[in-house]
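Participant: Structure supplied as start-v4.cif; contents: mmCIF, C-alpha atoms and all ligand atoms.
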data_my_file
#
loop_
_atom_site.group_PDB
_atom_site.id
_atom_site.type_symbol
_atom_site.label_atom_id
_atom_site.label_comp_id
_atom_site.auth_asym_id
_atom_site.auth_seq_id
_atom_site.Cartn_x
_atom_site.Cartn_y
_atom_site.Cartn_z
ATOM 1 C CA ALA C 1 -29.042 -19.856 -10.508
ATOM 2 C CA HIS C 2 -26.949 -16.971 -11.751
ATOM 3 C CA PRO C 3 -27.582 -13.498 -10.339
ATOM 4 C CA PRO C 4 -30.131 -11.599 -12.434
ATOM 5 C CA MET C 5 -28.763 -9.368 -15.176
ATOM 6 C CA ILE C 6 -30.096 -5.863 -15.738
ATOM 7 C CA ALA C 7 -29.869 -4.056 -19.068
ATOM 8 C CA PRO C 8 -31.049 -0.433 -18.825
ATOM 9 C CA SER C 9 -32.539 0.788 -22.094
ATOM 10 C CA ILE C 10 -31.212 4.128 -23.271
ATOM 11 C CA LEU C 11 -34.442 4.648 -25.221
ATOM 12 C CA SER C 12 -35.672 6.390 -22.069
ATOM 13 C CA ALA C 13 -32.411 8.306 -21.530
ATOM 14 C CA ASP C 14 -31.517 11.819 -22.687
ATOM 15 C CA PHE C 15 -30.283 11.326 -26.264
ATOM 16 C CA ALA C 16 -28.289 14.564 -26.079
ATOM 17 C CA ARG C 17 -26.212 13.164 -23.190
ATOM 18 C CA LEU C 18 -25.766 9.491 -24.038
ATOM 19 C CA ALA C 19 -22.256 9.178 -22.580
ATOM 20 C CA ASP C 20 -23.412 10.606 -19.238
ATOM 21 C CA GLU C 21 -26.521 8.441 -19.276
ATOM 22 C CA ALA C 22 -24.396 5.325 -19.834
ATOM 23 C CA ALA C 23 -22.090 6.375 -16.989
ATOM 24 C CA ALA C 24 -25.130 6.802 -14.739
ATOM 25 C CA VAL C 25 -25.725 3.037 -14.916
ATOM 26 C CA ALA C 26 -22.098 1.912 -14.735
ATOM 27 C CA GLY C 27 -23.094 -1.087 -12.606
ATOM 28 C CA ALA C 28 -25.331 -2.503 -15.334
ATOM 29 C CA ASP C 29 -24.629 -5.850 -16.933
ATOM 30 C CA TRP C 30 -25.435 -4.652 -20.444
ATOM 31 C CA LEU C 31 -26.571 -1.364 -21.948
ATOM 32 C CA HIS C 32 -29.653 -1.952 -24.100
ATOM 33 C CA VAL C 33 -29.735 0.099 -27.305
ATOM 34 C CA ASP C 34 -32.959 0.160 -29.332
ATOM 35 C CA VAL C 35 -32.412 0.614 -33.063
ATOM 36 C CA MET C 36 -35.668 1.429 -34.889
ATOM 37 C CA ASP C 37 -36.105 2.177 -38.579
ATOM 38 C CA ALA C 38 -39.672 3.555 -38.834
ATOM 39 C CA HIS C 39 -40.567 0.541 -41.003
ATOM 40 C CA PHE C 40 -40.433 -2.571 -38.819
ATOM 41 C CA VAL C 41 -41.808 -0.395 -36.002
ATOM 42 C CA PRO C 42 -43.555 3.001 -36.168
ATOM 43 C CA ASN C 43 -40.684 4.890 -34.555
ATOM 44 C CA LEU C 44 -37.179 6.021 -35.521
ATOM 45 C CA THR C 45 -34.292 6.163 -33.061
ATOM 46 C CA LEU C 46 -30.645 5.743 -33.969
ATOM 47 C CA GLY C 47 -28.342 3.632 -36.079
ATOM 48 C CA LEU C 48 -24.804 2.446 -36.556
ATOM 49 C CA PRO C 49 -23.016 5.835 -36.351
ATOM 50 C CA VAL C 50 -24.496 6.520 -32.920
ATOM 51 C CA VAL C 51 -23.803 2.960 -31.775
ATOM 52 C CA LYS C 52 -20.162 3.370 -32.824
ATOM 53 C CA ALA C 53 -19.939 6.608 -30.842
ATOM 54 C CA LEU C 54 -21.518 4.935 -27.829
ATOM 55 C CA ARG C 55 -19.045 2.061 -28.090
ATOM 56 C CA GLU C 56 -16.248 4.602 -27.599
ATOM 57 C CA ALA C 57 -18.082 6.407 -24.806
ATOM 58 C CA THR C 58 -18.702 3.494 -22.431
ATOM 59 C CA ASP C 59 -17.115 0.249 -21.254
ATOM 60 C CA LEU C 60 -20.525 -1.369 -20.793
ATOM 61 C CA PRO C 61 -21.251 -4.260 -23.164
ATOM 62 C CA LEU C 62 -23.803 -3.049 -25.705
ATOM 63 C CA ASP C 63 -26.989 -5.048 -26.205
ATOM 64 C CA CYS C 64 -28.355 -3.825 -29.531
ATOM 65 C CA HIS C 65 -31.994 -4.606 -30.248
ATOM 66 C CA LEU C 66 -32.553 -4.173 -33.962
ATOM 67 C CA MET C 67 -36.196 -3.374 -34.675
ATOM 68 C CA ILE C 68 -35.524 -3.012 -38.376
ATOM 69 C CA GLU C 69 -36.436 -4.568 -41.671
ATOM 70 C CA ASP C 70 -33.815 -6.601 -43.524
ATOM 71 C CA PRO C 71 -31.569 -7.413 -40.544
ATOM 72 C CA ASP C 72 -29.848 -9.935 -42.852
ATOM 73 C CA ARG C 73 -28.272 -6.906 -44.496
ATOM 74 C CA TRP C 74 -27.664 -4.584 -41.544
ATOM 75 C CA ALA C 75 -26.984 -6.618 -38.400
ATOM 76 C CA ILE C 76 -23.437 -7.626 -39.256
ATOM 77 C CA GLY C 77 -22.275 -3.991 -39.116
ATOM 78 C CA TYR C 78 -23.240 -3.838 -35.445
ATOM 79 C CA ALA C 79 -21.232 -6.977 -34.681
ATOM 80 C CA GLU C 80 -18.238 -5.563 -36.525
ATOM 81 C CA ALA C 81 -18.587 -2.339 -34.515
ATOM 82 C CA GLY C 82 -17.982 -4.283 -31.312
ATOM 83 C CA VAL C 83 -21.535 -4.722 -30.073
ATOM 84 C CA HIS C 84 -21.599 -7.509 -27.457
ATOM 85 C CA ASN C 85 -25.010 -8.936 -28.315
ATOM 86 C CA VAL C 86 -26.811 -8.208 -31.592
ATOM 87 C CA THR C 87 -30.505 -9.075 -31.477
ATOM 88 C CA VAL C 88 -32.658 -9.335 -34.582
ATOM 89 C CA HIS C 89 -36.387 -10.008 -34.908
ATOM 90 C CA VAL C 90 -37.441 -13.409 -36.171
ATOM 91 C CA GLU C 91 -40.382 -11.727 -37.937
ATOM 92 C CA ALA C 92 -37.940 -9.670 -40.025
ATOM 93 C CA ALA C 93 -35.047 -12.053 -40.672
ATOM 94 C CA ALA C 94 -35.017 -13.956 -43.978
ATOM 95 C CA ASP C 95 -32.325 -16.458 -42.942
ATOM 96 C CA PRO C 96 -31.918 -16.303 -39.159
ATOM 97 C CA VAL C 97 -29.603 -19.330 -38.937
ATOM 98 C CA ARG C 98 -27.175 -17.845 -41.436
ATOM 99 C CA LEU C 99 -27.437 -14.507 -39.632
ATOM 100 C CA ALA C 100 -26.541 -16.057 -36.259
ATOM 101 C CA LYS C 101 -23.503 -17.746 -37.759
ATOM 102 C CA ASP C 102 -22.338 -14.488 -39.333
ATOM 103 C CA LEU C 103 -22.835 -12.534 -36.089
ATOM 104 C CA ARG C 104 -20.839 -15.108 -34.104
ATOM 105 C CA ALA C 105 -18.107 -15.204 -36.733
ATOM 106 C CA ALA C 106 -17.804 -11.422 -36.331
ATOM 107 C CA GLY C 107 -17.262 -11.906 -32.595
ATOM 108 C CA ALA C 108 -20.696 -10.988 -31.253
ATOM 109 C CA MET C 109 -23.342 -12.911 -29.424
ATOM 110 C CA ALA C 110 -26.428 -13.520 -31.538
ATOM 111 C CA GLY C 111 -29.882 -12.675 -30.191
ATOM 112 C CA LEU C 112 -33.321 -13.528 -31.540
ATOM 113 C CA SER C 113 -36.385 -11.519 -30.521
ATOM 114 C CA LEU C 114 -40.066 -12.460 -30.656
ATOM 115 C CA LYS C 115 -42.890 -9.925 -30.705
ATOM 116 C CA PRO C 116 -45.650 -10.626 -28.148
ATOM 117 C CA GLY C 117 -47.849 -12.425 -30.680
ATOM 118 C CA THR C 118 -45.074 -14.557 -32.181
ATOM 119 C CA PRO C 119 -45.032 -18.145 -30.890
ATOM 120 C CA LEU C 120 -41.843 -19.804 -29.703
ATOM 121 C CA GLU C 121 -42.313 -23.394 -30.856
ATOM 122 C CA PRO C 122 -41.853 -22.880 -34.632
ATOM 123 C CA HIS C 123 -38.443 -21.305 -33.993
ATOM 124 C CA LEU C 124 -36.860 -23.822 -31.617
ATOM 125 C CA ASP C 125 -34.487 -25.254 -34.233
ATOM 126 C CA VAL C 126 -33.363 -21.748 -35.196
ATOM 127 C CA LEU C 127 -32.817 -20.876 -31.523
ATOM 128 C CA LYS C 128 -30.195 -23.627 -31.228
ATOM 129 C CA HIS C 129 -27.939 -21.201 -33.109
ATOM 130 C CA TYR C 130 -28.598 -18.235 -30.813
ATOM 131 C CA ASP C 131 -27.049 -17.010 -27.562
ATOM 132 C CA THR C 132 -29.963 -14.898 -26.336
ATOM 133 C CA LEU C 133 -33.744 -15.008 -26.693
ATOM 134 C CA LEU C 134 -35.412 -11.600 -26.277
ATOM 135 C CA VAL C 135 -39.060 -12.061 -25.379
ATOM 136 C CA MET C 136 -40.958 -8.834 -26.031
ATOM 137 C CA SER C 137 -43.473 -8.059 -23.299
ATOM 138 C CA VAL C 138 -44.857 -5.011 -25.155
ATOM 139 C CA GLU C 139 -45.364 -4.318 -28.858
ATOM 140 C CA PRO C 140 -41.944 -3.033 -29.934
ATOM 141 C CA GLY C 141 -41.613 0.645 -30.768
ATOM 142 C CA PHE C 142 -41.932 2.716 -27.621
ATOM 143 C CA GLY C 143 -40.858 2.844 -24.002
ATOM 144 C CA GLY C 144 -43.226 3.213 -21.097
ATOM 145 C CA GLN C 145 -45.865 0.724 -22.238
ATOM 146 C CA LYS C 146 -47.797 -1.730 -20.093
ATOM 147 C CA PHE C 147 -46.325 -5.173 -19.396
ATOM 148 C CA MET C 148 -48.101 -8.112 -21.128
ATOM 149 C CA PRO C 149 -48.019 -11.032 -18.646
ATOM 150 C CA GLU C 150 -49.270 -13.515 -21.263
ATOM 151 C CA VAL C 151 -45.775 -13.657 -22.812
ATOM 152 C CA LEU C 152 -44.479 -15.330 -19.660
ATOM 153 C CA ASP C 153 -45.647 -18.690 -21.043
ATOM 154 C CA LYS C 154 -42.887 -18.343 -23.653
ATOM 155 C CA VAL C 155 -40.400 -17.488 -20.923
ATOM 156 C CA ARG C 156 -41.398 -20.604 -18.959
ATOM 157 C CA THR C 157 -41.025 -22.799 -22.026
ATOM 158 C CA ALA C 158 -37.629 -21.322 -22.872
ATOM 159 C CA ARG C 159 -36.488 -21.671 -19.260
ATOM 160 C CA ARG C 160 -37.438 -25.346 -19.253
ATOM 161 C CA LEU C 161 -35.625 -25.992 -22.541
ATOM 162 C CA VAL C 162 -32.490 -24.280 -21.231
ATOM 163 C CA ASP C 163 -32.597 -26.083 -17.895
ATOM 164 C CA THR C 164 -32.971 -29.442 -19.629
ATOM 165 C CA GLY C 165 -30.084 -28.735 -21.985
ATOM 166 C CA HIS C 166 -32.130 -28.461 -25.178
ATOM 167 C CA LEU C 167 -31.172 -24.804 -25.652
ATOM 168 C CA THR C 168 -28.180 -22.803 -24.422
ATOM 169 C CA LEU C 169 -29.160 -19.168 -24.253
ATOM 170 C CA VAL C 170 -29.821 -16.185 -22.047
ATOM 171 C CA VAL C 171 -33.548 -15.591 -21.583
ATOM 172 C CA GLU C 172 -34.115 -11.858 -21.807
ATOM 173 C CA ILE C 173 -37.327 -9.849 -21.460
ATOM 174 C CA ASP C 174 -38.074 -6.367 -22.776
ATOM 175 C CA GLY C 175 -40.995 -4.051 -22.157
ATOM 176 C CA GLY C 176 -42.866 -2.807 -19.124
ATOM 177 C CA ILE C 177 -40.372 -4.186 -16.605
ATOM 178 C CA ASN C 178 -40.633 -2.233 -13.349
ATOM 179 C CA ALA C 179 -41.029 -2.752 -9.597
ATOM 180 C CA ASP C 180 -44.552 -4.093 -10.122
ATOM 181 C CA THR C 181 -43.720 -6.624 -12.850
ATOM 182 C CA ILE C 182 -40.140 -7.807 -12.428
ATOM 183 C CA GLU C 183 -40.908 -10.419 -9.800
ATOM 184 C CA GLN C 184 -43.372 -12.334 -11.979
ATOM 185 C CA ALA C 185 -40.864 -12.234 -14.835
ATOM 186 C CA ALA C 186 -38.122 -13.514 -12.538
ATOM 187 C CA GLU C 187 -40.423 -16.245 -11.289
ATOM 188 C CA ALA C 188 -41.057 -17.367 -14.878
ATOM 189 C CA GLY C 189 -37.323 -17.784 -15.444
ATOM 190 C CA VAL C 190 -35.892 -14.621 -17.009
ATOM 191 C CA ASP C 191 -32.097 -14.244 -16.832
ATOM 192 C CA CYS C 192 -31.746 -10.679 -18.134
ATOM 193 C CA PHE C 193 -34.194 -7.809 -17.614
ATOM 194 C CA VAL C 194 -34.341 -4.801 -19.935
ATOM 195 C CA ALA C 195 -35.720 -1.721 -18.198
ATOM 196 C CA GLY C 196 -36.050 1.686 -19.798
ATOM 197 C CA SER C 197 -38.474 4.045 -18.104
ATOM 198 C CA ALA C 198 -38.191 2.249 -14.739
ATOM 199 C CA VAL C 199 -34.489 3.144 -14.663
ATOM 200 C CA TYR C 200 -34.158 6.430 -16.527
ATOM 201 C CA ASP C 201 -37.346 8.110 -15.335
ATOM 202 C CA ALA C 202 -36.158 7.584 -11.752
ATOM 203 C CA ALA C 203 -34.439 10.404 -9.881
ATOM 204 C CA ASP C 204 -31.463 8.075 -9.298
ATOM 205 C CA PRO C 205 -31.126 5.599 -12.200
ATOM 206 C CA ALA C 206 -28.399 3.536 -10.519
ATOM 207 C CA GLU C 207 -30.462 3.119 -7.380
ATOM 208 C CA ALA C 208 -33.567 2.190 -9.381
ATOM 209 C CA MET C 209 -31.529 -0.397 -11.276
ATOM 210 C CA GLU C 210 -30.133 -1.970 -8.107
ATOM 211 C CA ARG C 211 -33.583 -2.083 -6.551
ATOM 212 C CA LEU C 212 -34.864 -3.966 -9.605
ATOM 213 C CA ARG C 213 -31.921 -6.359 -9.423
ATOM 214 C CA ALA C 214 -32.630 -7.084 -5.758
ATOM 215 C CA GLN C 215 -36.299 -7.715 -6.506
ATOM 216 C CA ALA C 216 -35.425 -10.093 -9.337
ATOM 217 C CA ALA C 217 -33.068 -12.049 -7.083
ATOM 218 C CA ARG C 218 -35.643 -12.840 -4.421
HETATM 219 C C1 LIG C 301 -39.468 -1.059 -26.879
HETATM 220 C C2 LIG C 301 -38.014 -1.262 -26.616
HETATM 221 C C3 LIG C 301 -37.656 -1.359 -25.179
HETATM 222 C C4 LIG C 301 -37.981 -0.116 -24.372
HETATM 223 C C5 LIG C 301 -38.491 -0.611 -23.067
HETATM 224 O O1 LIG C 301 -39.743 -1.335 -28.206
HETATM 225 O O2 LIG C 301 -37.551 -2.449 -27.230
HETATM 226 O O3 LIG C 301 -36.298 -1.711 -25.001
HETATM 227 O O4 LIG C 301 -36.888 0.723 -24.141
HETATM 228 O O5 LIG C 301 -38.937 0.486 -22.319
HETATM 229 P P1 LIG C 301 -39.736 0.270 -20.968
HETATM 230 O O6 LIG C 301 -38.820 -0.472 -20.031
HETATM 231 O O7 LIG C 301 -40.040 1.653 -20.519
HETATM 232 O O8 LIG C 301 -40.960 -0.535 -21.294
HETATM 233 ZN ZN ZN C 302 -35.513 -3.121 -26.704
#
Any chance you could put this one into structure tokens?
Facilitator:
Amino acid sequence: AHPPMIAPSILSADFARLADEAAAVAGADWLHVDVMDAHFVPNLTLGLPVVKALREATDLPLDCHLMIEDPDRWAIGYAEAGVHNVTVHVEAAADPVRLAKDLRAAGAMAGLSLKPGTPLEPHLDVLKHYDTLLVMSVEPGFGGQKFMPEVLDKVRTARRLVDTGHLTLVVEIDGGINADTIEQAAEAGVDCFVAGSAVYDAADPAEAMERLRAQAAR
């Protein structure tokens, strides 16, 4: 298998020092950026202007997780801004197949995210058009929540479909990933681990990240 990917989430970083906080995890695979609109989720974070500034401030590939309503309207701007992977929520997208095609045409990878209660099976045909599947292991909206192990059934199913060639995508997990939970997620078949508080609440974020990566690789 490929070495595990780690995507630190800047939701738990210091928003007044985003460039420094990105530099603090220079060894990351992707930098996870949570965009929230106070409608799809009950929290408000940042949007395209800040993402554009971040794009100039770091060489890390940006992994933008759009927790917003009407991604059919807004997601393309993130792809055009040079975001590496643009993830939208299947619960919010009106035409997710069209959206994936537009994101890829703009040069980005296309990601589809499922809230904890959203089943995988009804969306398998749509997922053929996507490059990443972001399985939420907490209700989206806030960092520092408790990991929901029941979502690992979706990870196992996705892993099997990728390994048998039915899907071609990166299996990503987001929410509650830390030293106590990353091994069970790795076991279930996750490729890419988002970690917010476990990285940025640590005294040494880079060291915390590398410790998580080593745990996931075992
Ligand atoms: C939650 C966000 C996550 C968040 C994860 O809605 O999508 O990316 O930053 O934070 P932790 O790792 O602390 O659960
Ligand atoms: Zn996220």
Participant: So which residues are near ligand LIG 301 (chain C), meaning at most 8 Å away with all atoms listed in the file counted, given back as JSON, numbers by chain?
Facilitator: {"C": [8, 9, 10, 11, 12, 32, 33, 34, 65, 67, 136, 138, 139, 140, 141, 142, 143, 144, 145, 146, 147, 174, 175, 176, 177, 178, 194, 195, 196, 197, 198, 199]}
Participant: Can you list, as number ranges by chain, every protein, DNA or RNA residue that comes within 12 Å of range 37-52 of chain C when you count all atoms listed in the file, leaving out same-chain residues fewer than 4 positions away?
Facilitator: C: 10-13, 15-19, 31-33, 56-58, 61-71, 74-84, 86, 88-93, 115, 139-143
Participant: Compile the contact shell of Thr132 in chain C as a list of chain:residue names: residues with an atom at most 7 Å away, counting all atoms listed in the file, same-chain residues fewer than 5 positions apart removed.
Facilitator: C:Ala110, C:Gly111, C:Leu112, C:Leu169, C:Val170, C:Val171, C:Glu172
Participant: What is the distance between CA of Val126 in chain C and CA of Arg55 in chain C, in Å to one decimal?
Facilitator: 28.7 Å
Participant: When you count only C-alpha atoms and all ligand atoms, which of these residues is closest to ligand ZN 302 (chain C): C:Leu212, C:Ile173, C:Val97, C:Ala158?
Facilitator: C:Ile173
Participant: Leu167 in chain C: which residues within 9 Å, counting all atoms listed in the file, same-chain residues fewer than 3 positions away excluded, as a PyMOL selection string?
Facilitator: chain C and resi 124+127-130+158-164
Participant: Could you list as a PyMOL selection string every residue that has an atom within 9 Å of (-47.3, -11.0, -20.4), using the file's coordinates and counting only C-alpha atoms?
Facilitator: chain C and resi 116+136-138+147-153+185
Participant: In Å, with one decimal, what is the gap from CA of Arg156 in chain C to CA of Arg218 in chain C?
Facilitator: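 Rounded to one decimal, the two atoms are 17.5 Å apart.
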Participant: Which is closer to ligand ZN 302 (chain C) than all the others in C:Ala179, C:Ala105, C:Val35, C:Ala216, using all atoms listed in the file?
Facilitator: C:Val35
Participant: Separation of CA of Ala26 in chain C and CA of Ala7 in chain C, in Å?
Facilitator: 10.7 Å
Participant: Between C:Val135, C:Leu99, C:Met109, C:Ala24, single out the one closest to ligand ZN 302 (chain C), counting all atoms listed in the file.
Facilitator: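 Smallest separation from ligand ZN 302 (chain C) among the options: C:Val135.
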Participant: So that all listed atoms of range 89-105 of chain C fit with 3 Å spare on each side, what axis-aligned box centre and edge lengths in Å, to one decimal, would you give as lines of an AutoDock Vina configuration file?
Facilitator:
center_x = -29.2
center_y = -14.5
center_z = -39.0
size_x = 28.3
size_y = 15.7
size_z = 15.9
Participant: Return the single residue from C:Asp131, C:Arg98, C:Pro4, C:Leu114 that is closest to ligand ZN 302 (chain C), with distances computed using only C-alpha atoms and all ligand atoms.
Facilitator: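 For ligand ZN 302 (chain C), the nearest of the candidates is C:Leu114.
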Participant: From the list C:Val155, C:Ala108, C:Met5, C:Met36, which residue is nearest ligand ZN 302 (chain C) when using all atoms listed in the file?
Facilitator: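 When distances to ligand ZN 302 (chain C) are compared using all atoms listed in the file, the smallest one comes from C:Met36.
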Participant: Counting all atoms listed in the file, which of C:Leu134, C:Ala188, C:Ala208, C:Ala214 gets nearest to ligand ZN 302 (chain C)?
Facilitator: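 Nearest candidate to ligand ZN 302 (chain C) out of C:Leu134, C:Ala188, C:Ala208, C:Ala214: C:Leu134.
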